[in-house]
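Containing mmCIF, N, CA, C and O atoms: query.cif.
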```
data_coords
#
loop_
_atom_site.label_atom_id
_atom_site.label_comp_id
_atom_site.auth_asym_id
_atom_site.auth_seq_id
_atom_site.Cartn_x
_atom_site.Cartn_y
_atom_site.Cartn_z
N MET D 1 135.67 -36.52 266.75
CA MET D 1 135.85 -35.78 265.52
C MET D 1 134.52 -35.74 264.76
O MET D 1 133.96 -36.77 264.44
N SER D 2 134.00 -34.57 264.50
CA SER D 2 132.73 -34.46 263.78
C SER D 2 132.99 -34.06 262.34
O SER D 2 133.98 -33.41 262.02
N GLU D 3 132.06 -34.48 261.52
CA GLU D 3 132.18 -34.17 260.09
C GLU D 3 131.68 -32.76 259.82
O GLU D 3 130.72 -32.30 260.43
N ALA D 4 132.34 -32.09 258.91
CA ALA D 4 131.90 -30.76 258.51
C ALA D 4 130.63 -30.89 257.69
O ALA D 4 130.46 -31.85 256.93
N PRO D 5 129.72 -29.94 257.81
CA PRO D 5 128.49 -30.02 257.01
C PRO D 5 128.81 -29.90 255.52
O PRO D 5 129.76 -29.23 255.13
N ALA D 6 128.01 -30.59 254.74
CA ALA D 6 128.20 -30.54 253.28
C ALA D 6 127.94 -29.12 252.80
O ALA D 6 127.04 -28.44 253.30
N PRO D 7 128.74 -28.65 251.85
CA PRO D 7 128.51 -27.29 251.34
C PRO D 7 127.17 -27.22 250.61
O PRO D 7 126.74 -28.16 249.97
N ALA D 8 126.51 -26.10 250.78
CA ALA D 8 125.23 -25.90 250.11
C ALA D 8 125.45 -25.82 248.61
O ALA D 8 126.43 -25.24 248.14
N PRO D 9 124.56 -26.41 247.82
CA PRO D 9 124.73 -26.33 246.37
C PRO D 9 124.63 -24.89 245.90
O PRO D 9 123.83 -24.11 246.42
N ARG D 10 125.48 -24.56 244.96
CA ARG D 10 125.47 -23.20 244.42
C ARG D 10 124.25 -23.00 243.53
O ARG D 10 123.87 -23.91 242.79
N PRO D 11 123.63 -21.83 243.60
CA PRO D 11 122.48 -21.57 242.72
C PRO D 11 122.93 -21.57 241.25
O PRO D 11 124.05 -21.16 240.94
N GLN D 12 122.06 -22.04 240.40
CA GLN D 12 122.35 -22.11 238.97
C GLN D 12 121.23 -21.43 238.19
O GLN D 12 120.44 -22.08 237.52
N PRO D 13 121.15 -20.11 238.27
CA PRO D 13 120.01 -19.41 237.66
C PRO D 13 119.95 -19.52 236.14
O PRO D 13 118.89 -19.38 235.56
N ARG D 14 121.06 -19.81 235.48
CA ARG D 14 121.04 -19.87 234.02
C ARG D 14 120.94 -21.30 233.50
O ARG D 14 120.99 -21.53 232.31
N ASN D 15 120.82 -22.27 234.38
CA ASN D 15 120.72 -23.67 233.98
C ASN D 15 119.25 -24.09 233.98
O ASN D 15 118.66 -24.28 235.04
N PRO D 16 118.64 -24.25 232.80
CA PRO D 16 117.21 -24.58 232.76
C PRO D 16 116.89 -25.97 233.30
O PRO D 16 115.74 -26.26 233.60
N LEU D 17 117.89 -26.84 233.46
CA LEU D 17 117.64 -28.17 233.99
C LEU D 17 117.74 -28.20 235.52
O LEU D 17 117.34 -29.17 236.14
N HIS D 18 118.27 -27.14 236.11
CA HIS D 18 118.44 -27.11 237.56
C HIS D 18 117.09 -27.17 238.26
O HIS D 18 116.21 -26.35 238.01
N GLY D 19 116.92 -28.15 239.11
CA GLY D 19 115.69 -28.28 239.87
C GLY D 19 114.56 -29.00 239.14
O GLY D 19 113.49 -29.18 239.70
N VAL D 20 114.80 -29.41 237.91
CA VAL D 20 113.77 -30.11 237.13
C VAL D 20 114.05 -31.61 237.22
O VAL D 20 115.15 -32.05 236.90
N THR D 21 113.08 -32.37 237.66
CA THR D 21 113.29 -33.81 237.80
C THR D 21 113.20 -34.48 236.43
O THR D 21 112.59 -33.96 235.49
N LEU D 22 113.79 -35.65 236.36
CA LEU D 22 113.73 -36.44 235.13
C LEU D 22 112.27 -36.80 234.83
O LEU D 22 111.86 -36.80 233.66
N GLU D 23 111.50 -37.06 235.85
CA GLU D 23 110.08 -37.37 235.65
C GLU D 23 109.35 -36.20 235.01
O GLU D 23 108.54 -36.38 234.09
N ALA D 24 109.64 -34.98 235.47
CA ALA D 24 109.01 -33.79 234.89
C ALA D 24 109.42 -33.61 233.43
O ALA D 24 108.61 -33.22 232.58
N ILE D 25 110.68 -33.92 233.12
CA ILE D 25 111.17 -33.81 231.74
C ILE D 25 110.45 -34.78 230.83
O ILE D 25 109.93 -34.40 229.77
N VAL D 26 110.39 -36.05 231.24
CA VAL D 26 109.73 -37.08 230.41
C VAL D 26 108.25 -36.77 230.25
O VAL D 26 107.69 -36.87 229.15
N THR D 27 107.61 -36.35 231.32
CA THR D 27 106.18 -36.02 231.27
C THR D 27 105.93 -34.84 230.32
O THR D 27 104.99 -34.87 229.51
N ALA D 28 106.78 -33.82 230.39
CA ALA D 28 106.62 -32.65 229.52
C ALA D 28 106.83 -33.03 228.05
O ALA D 28 106.08 -32.59 227.18
N LEU D 29 107.85 -33.84 227.79
CA LEU D 29 108.12 -34.25 226.40
C LEU D 29 106.99 -35.10 225.85
O LEU D 29 106.56 -34.90 224.71
N ALA D 30 106.51 -36.05 226.65
CA ALA D 30 105.41 -36.91 226.19
C ALA D 30 104.15 -36.08 225.96
O ALA D 30 103.40 -36.32 225.00
N GLY D 31 103.92 -35.09 226.80
CA GLY D 31 102.76 -34.23 226.63
C GLY D 31 102.87 -33.33 225.41
O GLY D 31 101.88 -33.08 224.71
N HIS D 32 104.06 -32.84 225.15
CA HIS D 32 104.27 -31.92 224.02
C HIS D 32 104.31 -32.65 222.69
O HIS D 32 103.66 -32.24 221.73
N TYR D 33 105.09 -33.72 222.60
CA TYR D 33 105.28 -34.42 221.33
C TYR D 33 104.38 -35.65 221.17
O TYR D 33 104.11 -36.06 220.05
N GLY D 34 103.98 -36.27 222.27
CA GLY D 34 103.29 -37.55 222.20
C GLY D 34 104.32 -38.67 222.12
O GLY D 34 105.45 -38.46 221.68
N TRP D 35 103.95 -39.87 222.55
CA TRP D 35 104.91 -40.98 222.59
C TRP D 35 105.41 -41.36 221.21
O TRP D 35 106.59 -41.67 221.03
N LYS D 36 104.54 -41.34 220.22
CA LYS D 36 104.94 -41.75 218.86
C LYS D 36 106.03 -40.82 218.32
O LYS D 36 107.08 -41.28 217.86
N ARG D 37 105.79 -39.52 218.38
CA ARG D 37 106.78 -38.55 217.88
C ARG D 37 108.04 -38.57 218.74
O ARG D 37 109.14 -38.46 218.23
N LEU D 38 107.88 -38.76 220.04
CA LEU D 38 109.03 -38.83 220.94
C LEU D 38 109.92 -40.03 220.58
O LEU D 38 111.14 -39.92 220.56
N SER D 39 109.30 -41.15 220.22
CA SER D 39 110.09 -42.33 219.84
C SER D 39 110.81 -42.12 218.51
O SER D 39 111.82 -42.76 218.24
N GLU D 40 110.28 -41.23 217.66
CA GLU D 40 110.97 -40.91 216.41
C GLU D 40 112.16 -39.98 216.66
O GLU D 40 113.20 -40.10 216.04
N LEU D 41 111.99 -39.05 217.59
CA LEU D 41 113.04 -38.07 217.88
C LEU D 41 114.17 -38.68 218.71
O LEU D 41 115.33 -38.35 218.52
N VAL D 42 113.80 -39.56 219.64
CA VAL D 42 114.79 -40.28 220.46
C VAL D 42 114.43 -41.76 220.36
O VAL D 42 113.63 -42.27 221.14
N PRO D 43 115.02 -42.47 219.40
CA PRO D 43 114.62 -43.86 219.14
C PRO D 43 115.19 -44.85 220.17
O PRO D 43 116.20 -45.50 219.94
N ILE D 44 114.52 -44.93 221.31
CA ILE D 44 114.89 -45.92 222.31
C ILE D 44 113.65 -46.74 222.64
O ILE D 44 112.52 -46.26 222.53
N ARG D 45 113.86 -47.99 223.02
CA ARG D 45 112.75 -48.94 223.19
C ARG D 45 111.73 -48.50 224.23
O ARG D 45 110.54 -48.80 224.08
N CYS D 46 112.17 -47.83 225.27
CA CYS D 46 111.20 -47.45 226.31
C CYS D 46 110.18 -46.43 225.80
O CYS D 46 109.15 -46.23 226.42
N PHE D 47 110.48 -45.80 224.66
CA PHE D 47 109.52 -44.87 224.04
C PHE D 47 108.71 -45.55 222.94
O PHE D 47 107.69 -45.03 222.52
N THR D 48 109.19 -46.68 222.42
CA THR D 48 108.51 -47.32 221.29
C THR D 48 107.62 -48.48 221.71
O THR D 48 106.54 -48.65 221.16
N LEU D 49 108.07 -49.31 222.63
CA LEU D 49 107.31 -50.49 223.04
C LEU D 49 106.63 -50.26 224.37
O LEU D 49 107.28 -50.17 225.40
N ASP D 50 105.31 -50.15 224.36
CA ASP D 50 104.51 -49.96 225.56
C ASP D 50 105.07 -48.84 226.44
O ASP D 50 105.46 -49.07 227.58
N PRO D 51 105.13 -47.61 225.90
CA PRO D 51 105.76 -46.52 226.63
C PRO D 51 104.98 -46.07 227.86
O PRO D 51 103.75 -46.07 227.86
N SER D 52 105.73 -45.72 228.88
CA SER D 52 105.14 -45.14 230.08
C SER D 52 106.23 -44.31 230.75
O SER D 52 107.42 -44.51 230.50
N VAL D 53 105.81 -43.41 231.60
CA VAL D 53 106.77 -42.58 232.32
C VAL D 53 107.64 -43.47 233.21
O VAL D 53 108.86 -43.34 233.26
N GLY D 54 107.03 -44.41 233.89
CA GLY D 54 107.76 -45.29 234.81
C GLY D 54 108.84 -46.10 234.13
O GLY D 54 109.99 -46.16 234.60
N SER D 55 108.50 -46.75 233.01
CA SER D 55 109.50 -47.56 232.31
C SER D 55 110.60 -46.68 231.73
O SER D 55 111.78 -47.06 231.72
N SER D 56 110.23 -45.50 231.29
CA SER D 56 111.22 -44.57 230.73
C SER D 56 112.19 -44.12 231.81
O SER D 56 113.40 -44.08 231.59
N LEU D 57 111.67 -43.79 232.98
CA LEU D 57 112.54 -43.35 234.08
C LEU D 57 113.51 -44.45 234.48
O LEU D 57 114.69 -44.19 234.70
N LYS D 58 113.02 -45.65 234.55
CA LYS D 58 113.87 -46.79 234.94
C LYS D 58 115.04 -46.94 233.97
O LYS D 58 116.18 -47.11 234.38
N PHE D 59 114.76 -46.84 232.67
CA PHE D 59 115.80 -46.98 231.66
C PHE D 59 116.74 -45.77 231.66
O PHE D 59 117.96 -45.92 231.64
N LEU D 60 116.18 -44.58 231.68
CA LEU D 60 116.99 -43.36 231.57
C LEU D 60 117.91 -43.16 232.78
O LEU D 60 119.00 -42.62 232.63
N ARG D 61 117.49 -43.61 233.93
CA ARG D 61 118.35 -43.47 235.12
C ARG D 61 119.58 -44.37 235.04
O ARG D 61 120.60 -44.08 235.65
N LYS D 62 119.49 -45.45 234.28
CA LYS D 62 120.61 -46.38 234.15
C LYS D 62 121.44 -46.14 232.89
O LYS D 62 122.49 -46.75 232.74
N THR D 63 120.98 -45.28 232.00
CA THR D 63 121.62 -45.13 230.70
C THR D 63 121.96 -43.66 230.44
O THR D 63 121.13 -42.90 229.91
N PRO D 64 123.19 -43.25 230.78
CA PRO D 64 123.56 -41.83 230.66
C PRO D 64 123.43 -41.25 229.25
O PRO D 64 122.97 -40.12 229.08
N TRP D 65 123.79 -42.00 228.22
CA TRP D 65 123.72 -41.45 226.86
C TRP D 65 122.28 -41.16 226.46
O TRP D 65 122.00 -40.16 225.79
N ALA D 66 121.35 -42.02 226.87
CA ALA D 66 119.94 -41.80 226.53
C ALA D 66 119.38 -40.62 227.32
O ALA D 66 118.61 -39.82 226.79
N ARG D 67 119.79 -40.51 228.57
CA ARG D 67 119.34 -39.39 229.39
C ARG D 67 119.82 -38.07 228.79
O ARG D 67 119.07 -37.09 228.74
N GLU D 68 121.05 -38.03 228.29
CA GLU D 68 121.57 -36.82 227.66
C GLU D 68 120.74 -36.43 226.44
O GLU D 68 120.45 -35.26 226.22
N LYS D 69 120.36 -37.43 225.63
CA LYS D 69 119.53 -37.14 224.45
C LYS D 69 118.17 -36.57 224.86
O LYS D 69 117.67 -35.63 224.25
N VAL D 70 117.58 -37.14 225.90
CA VAL D 70 116.27 -36.69 226.37
C VAL D 70 116.39 -35.27 226.94
O VAL D 70 115.54 -34.41 226.66
N GLU D 71 117.43 -35.01 227.71
CA GLU D 71 117.62 -33.67 228.26
C GLU D 71 117.86 -32.65 227.15
O GLU D 71 117.35 -31.53 227.21
N SER D 72 118.61 -33.04 226.12
CA SER D 72 118.85 -32.14 224.99
C SER D 72 117.55 -31.82 224.26
O SER D 72 117.31 -30.66 223.88
N LEU D 73 116.72 -32.83 224.06
CA LEU D 73 115.43 -32.60 223.41
C LEU D 73 114.55 -31.69 224.27
O LEU D 73 113.85 -30.82 223.74
N TYR D 74 114.60 -31.86 225.57
CA TYR D 74 113.83 -31.01 226.47
C TYR D 74 114.27 -29.55 226.34
O TYR D 74 113.43 -28.65 226.26
N LEU D 75 115.58 -29.32 226.31
CA LEU D 75 116.09 -27.96 226.15
C LEU D 75 115.67 -27.38 224.80
O LEU D 75 115.31 -26.19 224.70
N PHE D 76 115.68 -28.20 223.74
CA PHE D 76 115.24 -27.76 222.42
C PHE D 76 113.76 -27.37 222.47
O PHE D 76 113.36 -26.34 221.92
N MET D 77 112.95 -28.19 223.15
CA MET D 77 111.52 -27.90 223.27
C MET D 77 111.30 -26.57 223.99
O MET D 77 110.46 -25.77 223.58
N LEU D 78 112.07 -26.33 225.06
CA LEU D 78 111.93 -25.06 225.79
C LEU D 78 112.28 -23.87 224.90
O LEU D 78 111.60 -22.84 224.93
N ARG D 79 113.34 -24.01 224.09
CA ARG D 79 113.73 -22.92 223.17
C ARG D 79 112.63 -22.67 222.14
O ARG D 79 112.30 -21.52 221.84
N GLU D 80 112.06 -23.74 221.59
CA GLU D 80 110.96 -23.61 220.63
C GLU D 80 109.78 -22.87 221.25
O GLU D 80 109.20 -21.98 220.63
N GLN D 81 109.42 -23.26 222.45
CA GLN D 81 108.28 -22.64 223.12
C GLN D 81 108.54 -21.16 223.39
O GLN D 81 107.65 -20.34 223.23
N ARG D 82 109.77 -20.83 223.78
CA ARG D 82 110.13 -19.43 224.04
C ARG D 82 110.02 -18.61 222.76
O ARG D 82 109.50 -17.50 222.75
N ARG D 83 110.53 -19.18 221.64
CA ARG D 83 110.45 -18.48 220.35
C ARG D 83 108.99 -18.24 219.95
O ARG D 83 108.64 -17.16 219.47
N GLU D 84 108.15 -19.25 220.10
CA GLU D 84 106.75 -19.11 219.75
C GLU D 84 106.07 -18.02 220.58
O GLU D 84 105.28 -17.23 220.06
N GLN D 85 106.40 -17.97 221.87
CA GLN D 85 105.81 -16.93 222.74
C GLN D 85 106.27 -15.54 222.30
O GLN D 85 105.47 -14.60 222.28
N GLN D 86 107.55 -15.41 221.95
CA GLN D 86 108.06 -14.12 221.52
C GLN D 86 107.41 -13.68 220.21
O GLN D 86 107.10 -12.51 220.02
N GLN D 87 107.18 -14.61 219.29
CA GLN D 87 106.55 -14.28 218.01
C GLN D 87 105.09 -13.86 218.22
O GLN D 87 104.60 -12.98 217.53
N GLN D 88 104.42 -14.47 219.16
CA GLN D 88 103.03 -14.12 219.43
C GLN D 88 102.90 -12.75 220.09
O GLN D 88 101.91 -12.06 219.92
N GLN D 89 103.93 -12.35 220.83
CA GLN D 89 103.89 -11.06 221.51
C GLN D 89 104.22 -9.90 220.60
O GLN D 89 103.89 -8.76 220.90
N GLN D 90 104.86 -10.15 219.48
CA GLN D 90 105.20 -9.08 218.55
C GLN D 90 103.97 -8.70 217.73
O GLN D 90 103.23 -9.55 217.29
N PRO D 91 103.74 -7.39 217.52
CA PRO D 91 102.56 -6.96 216.75
C PRO D 91 102.67 -7.24 215.28
O PRO D 91 103.63 -7.40 214.68
#
```
Starting from the file, give its structure as structure tokens.
Amino acid sequence: MSEAPAPAPRPQPRNPLHGVTLEAIVTALAGHYGWKRLSELVPIRCFTLDPSVGSSLKFLRKTPWAREKVESLYLFMLREQRREQQQQQQP
């Protein structure tokens, strides 16, 4: 008896988090806001005490509520950037 192949994941063209790694999210947020501002927006210890991408990933992978906050902030940052681009393109 052989196992059926796993179904291919469905494409998610409208999901901005689809295909984006947690490492890419943390790196983008730290680059955009800086660690100090990031720790103010999402007050968790991995952002306040000796912050690094590695320590943040370790904590966020084990803590779903913190990961949700970080993902929400990432989506907010993307919306802000999109608005800024649209305003710059208008005459």
When DSSP works through the backbone of this structure, what residues of chain D end up as helix (DSSP H, G or I), shown as a short mmCIF file (atom, residue, chain, number, x, y, z; two decimals) with N, CA, C and O atoms, in the frame of the given file?
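Wrote it out as states_39.cif, contents follow:
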```cif
data_model
loop_
_atom_site.label_atom_id
_atom_site.label_comp_id
_atom_site.auth_asym_id
_atom_site.auth_seq_id
_atom_site.Cartn_x
_atom_site.Cartn_y
_atom_site.Cartn_z
N LEU D 22 113.79 -35.65 236.36
CA LEU D 22 113.73 -36.44 235.13
C LEU D 22 112.27 -36.80 234.83
O LEU D 22 111.86 -36.80 233.66
N GLU D 23 111.50 -37.06 235.85
CA GLU D 23 110.08 -37.37 235.65
C GLU D 23 109.35 -36.20 235.01
O GLU D 23 108.54 -36.38 234.09
N ALA D 24 109.64 -34.98 235.47
CA ALA D 24 109.01 -33.79 234.89
C ALA D 24 109.42 -33.61 233.43
O ALA D 24 108.61 -33.22 232.58
N ILE D 25 110.68 -33.92 233.12
CA ILE D 25 111.17 -33.81 231.74
C ILE D 25 110.45 -34.78 230.83
O ILE D 25 109.93 -34.40 229.77
N VAL D 26 110.39 -36.05 231.24
CA VAL D 26 109.73 -37.08 230.41
C VAL D 26 108.25 -36.77 230.25
O VAL D 26 107.69 -36.87 229.15
N THR D 27 107.61 -36.35 231.32
CA THR D 27 106.18 -36.02 231.27
C THR D 27 105.93 -34.84 230.32
O THR D 27 104.99 -34.87 229.51
N ALA D 28 106.78 -33.82 230.39
CA ALA D 28 106.62 -32.65 229.52
C ALA D 28 106.83 -33.03 228.05
O ALA D 28 106.08 -32.59 227.18
N LEU D 29 107.85 -33.84 227.79
CA LEU D 29 108.12 -34.25 226.40
C LEU D 29 106.99 -35.10 225.85
O LEU D 29 106.56 -34.90 224.71
N ALA D 30 106.51 -36.05 226.65
CA ALA D 30 105.41 -36.91 226.19
C ALA D 30 104.15 -36.08 225.96
O ALA D 30 103.40 -36.32 225.00
N GLY D 31 103.92 -35.09 226.80
CA GLY D 31 102.76 -34.23 226.63
C GLY D 31 102.87 -33.33 225.41
O GLY D 31 101.88 -33.08 224.71
N HIS D 32 104.06 -32.84 225.15
CA HIS D 32 104.27 -31.92 224.02
C HIS D 32 104.31 -32.65 222.69
O HIS D 32 103.66 -32.24 221.73
N TYR D 33 105.09 -33.72 222.60
CA TYR D 33 105.28 -34.42 221.33
C TYR D 33 104.38 -35.65 221.17
O TYR D 33 104.11 -36.06 220.05
N GLY D 34 103.98 -36.27 222.27
CA GLY D 34 103.29 -37.55 222.20
C GLY D 34 104.32 -38.67 222.12
O GLY D 34 105.45 -38.46 221.68
N TRP D 35 103.95 -39.87 222.55
CA TRP D 35 104.91 -40.98 222.59
C TRP D 35 105.41 -41.36 221.21
O TRP D 35 106.59 -41.67 221.03
N LYS D 36 104.54 -41.34 220.22
CA LYS D 36 104.94 -41.75 218.86
C LYS D 36 106.03 -40.82 218.32
O LYS D 36 107.08 -41.28 217.86
N ARG D 37 105.79 -39.52 218.38
CA ARG D 37 106.78 -38.55 217.88
C ARG D 37 108.04 -38.57 218.74
O ARG D 37 109.14 -38.46 218.23
N LEU D 38 107.88 -38.76 220.04
CA LEU D 38 109.03 -38.83 220.94
C LEU D 38 109.92 -40.03 220.58
O LEU D 38 111.14 -39.92 220.56
N SER D 39 109.30 -41.15 220.22
CA SER D 39 110.09 -42.33 219.84
C SER D 39 110.81 -42.12 218.51
O SER D 39 111.82 -42.76 218.24
N GLU D 40 110.28 -41.23 217.66
CA GLU D 40 110.97 -40.91 216.41
C GLU D 40 112.16 -39.98 216.66
O GLU D 40 113.20 -40.10 216.04
N LEU D 41 111.99 -39.05 217.59
CA LEU D 41 113.04 -38.07 217.88
C LEU D 41 114.17 -38.68 218.71
O LEU D 41 115.33 -38.35 218.52
N ARG D 45 113.86 -47.99 223.02
CA ARG D 45 112.75 -48.94 223.19
C ARG D 45 111.73 -48.50 224.23
O ARG D 45 110.54 -48.80 224.08
N CYS D 46 112.17 -47.83 225.27
CA CYS D 46 111.20 -47.45 226.31
C CYS D 46 110.18 -46.43 225.80
O CYS D 46 109.15 -46.23 226.42
N PHE D 47 110.48 -45.80 224.66
CA PHE D 47 109.52 -44.87 224.04
C PHE D 47 108.71 -45.55 222.94
O PHE D 47 107.69 -45.03 222.52
N THR D 48 109.19 -46.68 222.42
CA THR D 48 108.51 -47.32 221.29
C THR D 48 107.62 -48.48 221.71
O THR D 48 106.54 -48.65 221.16
N VAL D 53 105.81 -43.41 231.60
CA VAL D 53 106.77 -42.58 232.32
C VAL D 53 107.64 -43.47 233.21
O VAL D 53 108.86 -43.34 233.26
N GLY D 54 107.03 -44.41 233.89
CA GLY D 54 107.76 -45.29 234.81
C GLY D 54 108.84 -46.10 234.13
O GLY D 54 109.99 -46.16 234.60
N SER D 55 108.50 -46.75 233.01
CA SER D 55 109.50 -47.56 232.31
C SER D 55 110.60 -46.68 231.73
O SER D 55 111.78 -47.06 231.72
N SER D 56 110.23 -45.50 231.29
CA SER D 56 111.22 -44.57 230.73
C SER D 56 112.19 -44.12 231.81
O SER D 56 113.40 -44.08 231.59
N LEU D 57 111.67 -43.79 232.98
CA LEU D 57 112.54 -43.35 234.08
C LEU D 57 113.51 -44.45 234.48
O LEU D 57 114.69 -44.19 234.70
N LYS D 58 113.02 -45.65 234.55
CA LYS D 58 113.87 -46.79 234.94
C LYS D 58 115.04 -46.94 233.97
O LYS D 58 116.18 -47.11 234.38
N PHE D 59 114.76 -46.84 232.67
CA PHE D 59 115.80 -46.98 231.66
C PHE D 59 116.74 -45.77 231.66
O PHE D 59 117.96 -45.92 231.64
N LEU D 60 116.18 -44.58 231.68
CA LEU D 60 116.99 -43.36 231.57
C LEU D 60 117.91 -43.16 232.78
O LEU D 60 119.00 -42.62 232.63
N ARG D 61 117.49 -43.61 233.93
CA ARG D 61 118.35 -43.47 235.12
C ARG D 61 119.58 -44.37 235.04
O ARG D 61 120.60 -44.08 235.65
N LYS D 62 119.49 -45.45 234.28
CA LYS D 62 120.61 -46.38 234.15
C LYS D 62 121.44 -46.14 232.89
O LYS D 62 122.49 -46.75 232.74
N PRO D 64 123.19 -43.25 230.78
CA PRO D 64 123.56 -41.83 230.66
C PRO D 64 123.43 -41.25 229.25
O PRO D 64 122.97 -40.12 229.08
N TRP D 65 123.79 -42.00 228.22
CA TRP D 65 123.72 -41.45 226.86
C TRP D 65 122.28 -41.16 226.46
O TRP D 65 122.00 -40.16 225.79
N ALA D 66 121.35 -42.02 226.87
CA ALA D 66 119.94 -41.80 226.53
C ALA D 66 119.38 -40.62 227.32
O ALA D 66 118.61 -39.82 226.79
N ARG D 67 119.79 -40.51 228.57
CA ARG D 67 119.34 -39.39 229.39
C ARG D 67 119.82 -38.07 228.79
O ARG D 67 119.07 -37.09 228.74
N GLU D 68 121.05 -38.03 228.29
CA GLU D 68 121.57 -36.82 227.66
C GLU D 68 120.74 -36.43 226.44
O GLU D 68 120.45 -35.26 226.22
N LYS D 69 120.36 -37.43 225.63
CA LYS D 69 119.53 -37.14 224.45
C LYS D 69 118.17 -36.57 224.86
O LYS D 69 117.67 -35.63 224.25
N VAL D 70 117.58 -37.14 225.90
CA VAL D 70 116.27 -36.69 226.37
C VAL D 70 116.39 -35.27 226.94
O VAL D 70 115.54 -34.41 226.66
N GLU D 71 117.43 -35.01 227.71
CA GLU D 71 117.62 -33.67 228.26
C GLU D 71 117.86 -32.65 227.15
O GLU D 71 117.35 -31.53 227.21
N SER D 72 118.61 -33.04 226.12
CA SER D 72 118.85 -32.14 224.99
C SER D 72 117.55 -31.82 224.26
O SER D 72 117.31 -30.66 223.88
N LEU D 73 116.72 -32.83 224.06
CA LEU D 73 115.43 -32.60 223.41
C LEU D 73 114.55 -31.69 224.27
O LEU D 73 113.85 -30.82 223.74
N TYR D 74 114.60 -31.86 225.57
CA TYR D 74 113.83 -31.01 226.47
C TYR D 74 114.27 -29.55 226.34
O TYR D 74 113.43 -28.65 226.26
N LEU D 75 115.58 -29.32 226.31
CA LEU D 75 116.09 -27.96 226.15
C LEU D 75 115.67 -27.38 224.80
O LEU D 75 115.31 -26.19 224.70
N PHE D 76 115.68 -28.20 223.74
CA PHE D 76 115.24 -27.76 222.42
C PHE D 76 113.76 -27.37 222.47
O PHE D 76 113.36 -26.34 221.92
N MET D 77 112.95 -28.19 223.15
CA MET D 77 111.52 -27.90 223.27
C MET D 77 111.30 -26.57 223.99
O MET D 77 110.46 -25.77 223.58
N LEU D 78 112.07 -26.33 225.06
CA LEU D 78 111.93 -25.06 225.79
C LEU D 78 112.28 -23.87 224.90
O LEU D 78 111.60 -22.84 224.93
N ARG D 79 113.34 -24.01 224.09
CA ARG D 79 113.73 -22.92 223.17
C ARG D 79 112.63 -22.67 222.14
O ARG D 79 112.30 -21.52 221.84
N GLU D 80 112.06 -23.74 221.59
CA GLU D 80 110.96 -23.61 220.63
C GLU D 80 109.78 -22.87 221.25
O GLU D 80 109.20 -21.98 220.63
N GLN D 81 109.42 -23.26 222.45
CA GLN D 81 108.28 -22.64 223.12
C GLN D 81 108.54 -21.16 223.39
O GLN D 81 107.65 -20.34 223.23
N ARG D 82 109.77 -20.83 223.78
CA ARG D 82 110.13 -19.43 224.04
C ARG D 82 110.02 -18.61 222.76
O ARG D 82 109.50 -17.50 222.75
N ARG D 83 110.53 -19.18 221.64
CA ARG D 83 110.45 -18.48 220.35
C ARG D 83 108.99 -18.24 219.95
O ARG D 83 108.64 -17.16 219.47
N GLU D 84 108.15 -19.25 220.10
CA GLU D 84 106.75 -19.11 219.75
C GLU D 84 106.07 -18.02 220.58
O GLU D 84 105.28 -17.23 220.06
N GLN D 85 106.40 -17.97 221.87
CA GLN D 85 105.81 -16.93 222.74
C GLN D 85 106.27 -15.54 222.30
O GLN D 85 105.47 -14.60 222.28
N GLN D 86 107.55 -15.41 221.95
CA GLN D 86 108.06 -14.12 221.52
C GLN D 86 107.41 -13.68 220.21
O GLN D 86 107.10 -12.51 220.02
N GLN D 87 107.18 -14.61 219.29
CA GLN D 87 106.55 -14.28 218.01
C GLN D 87 105.09 -13.86 218.22
O GLN D 87 104.60 -12.98 217.53
N GLN D 88 104.42 -14.47 219.16
CA GLN D 88 103.03 -14.12 219.43
C GLN D 88 102.90 -12.75 220.09
O GLN D 88 101.91 -12.06 219.92
N GLN D 89 103.93 -12.35 220.83
CA GLN D 89 103.89 -11.06 221.51
C GLN D 89 104.22 -9.90 220.60
O GLN D 89 103.89 -8.76 220.90
#
```
Skip range 78-91 of chain D itself and residues of its chain fewer than 3 positions away, then list as number ranges by chain all residues within 12 Å of it, counting only C-alpha atoms.
D: 16-17, 25, 28-29, 32, 71-75
So which residues touch Ser39 in chain D within 10 Å, counting only C-alpha atoms, skipping near sequence neighbours fewer than 4 positions away, as a list in words?
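Counting only the stated atoms, we get Ala30, Tyr33, Gly34, Trp35, Pro43, Ile44, Arg45, Cys46, Phe47, Thr48, Leu49 and Pro51 of chain D.
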Distance of CA of Leu38 in chain D from CA of Lys58 in chain D, expressed in Å to one decimal place
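So the two atoms, CA of Lys58 in chain D and CA of Leu38 in chain D, lie 16.8 Å apart.
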Grab all the atoms of range 41-50 of chain D that the file lists, wrap them in a box along x, y and z, add 4 Å per side, and give me centre plus edge lengths in Å (one decimal) as JSON.
```
{"center_x": 110.4, "center_y": -44.3, "center_z": 222.6, "size_x": 19.7, "size_y": 20.4, "size_z": 18.0}
```
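Between CA of Trp65 in chain D and CA of Val53 in chain D the separation is 17.8 Å.
Going from CA of Pro64 in chain D to CA of Glu40 in chain D covers 19.0 Å.
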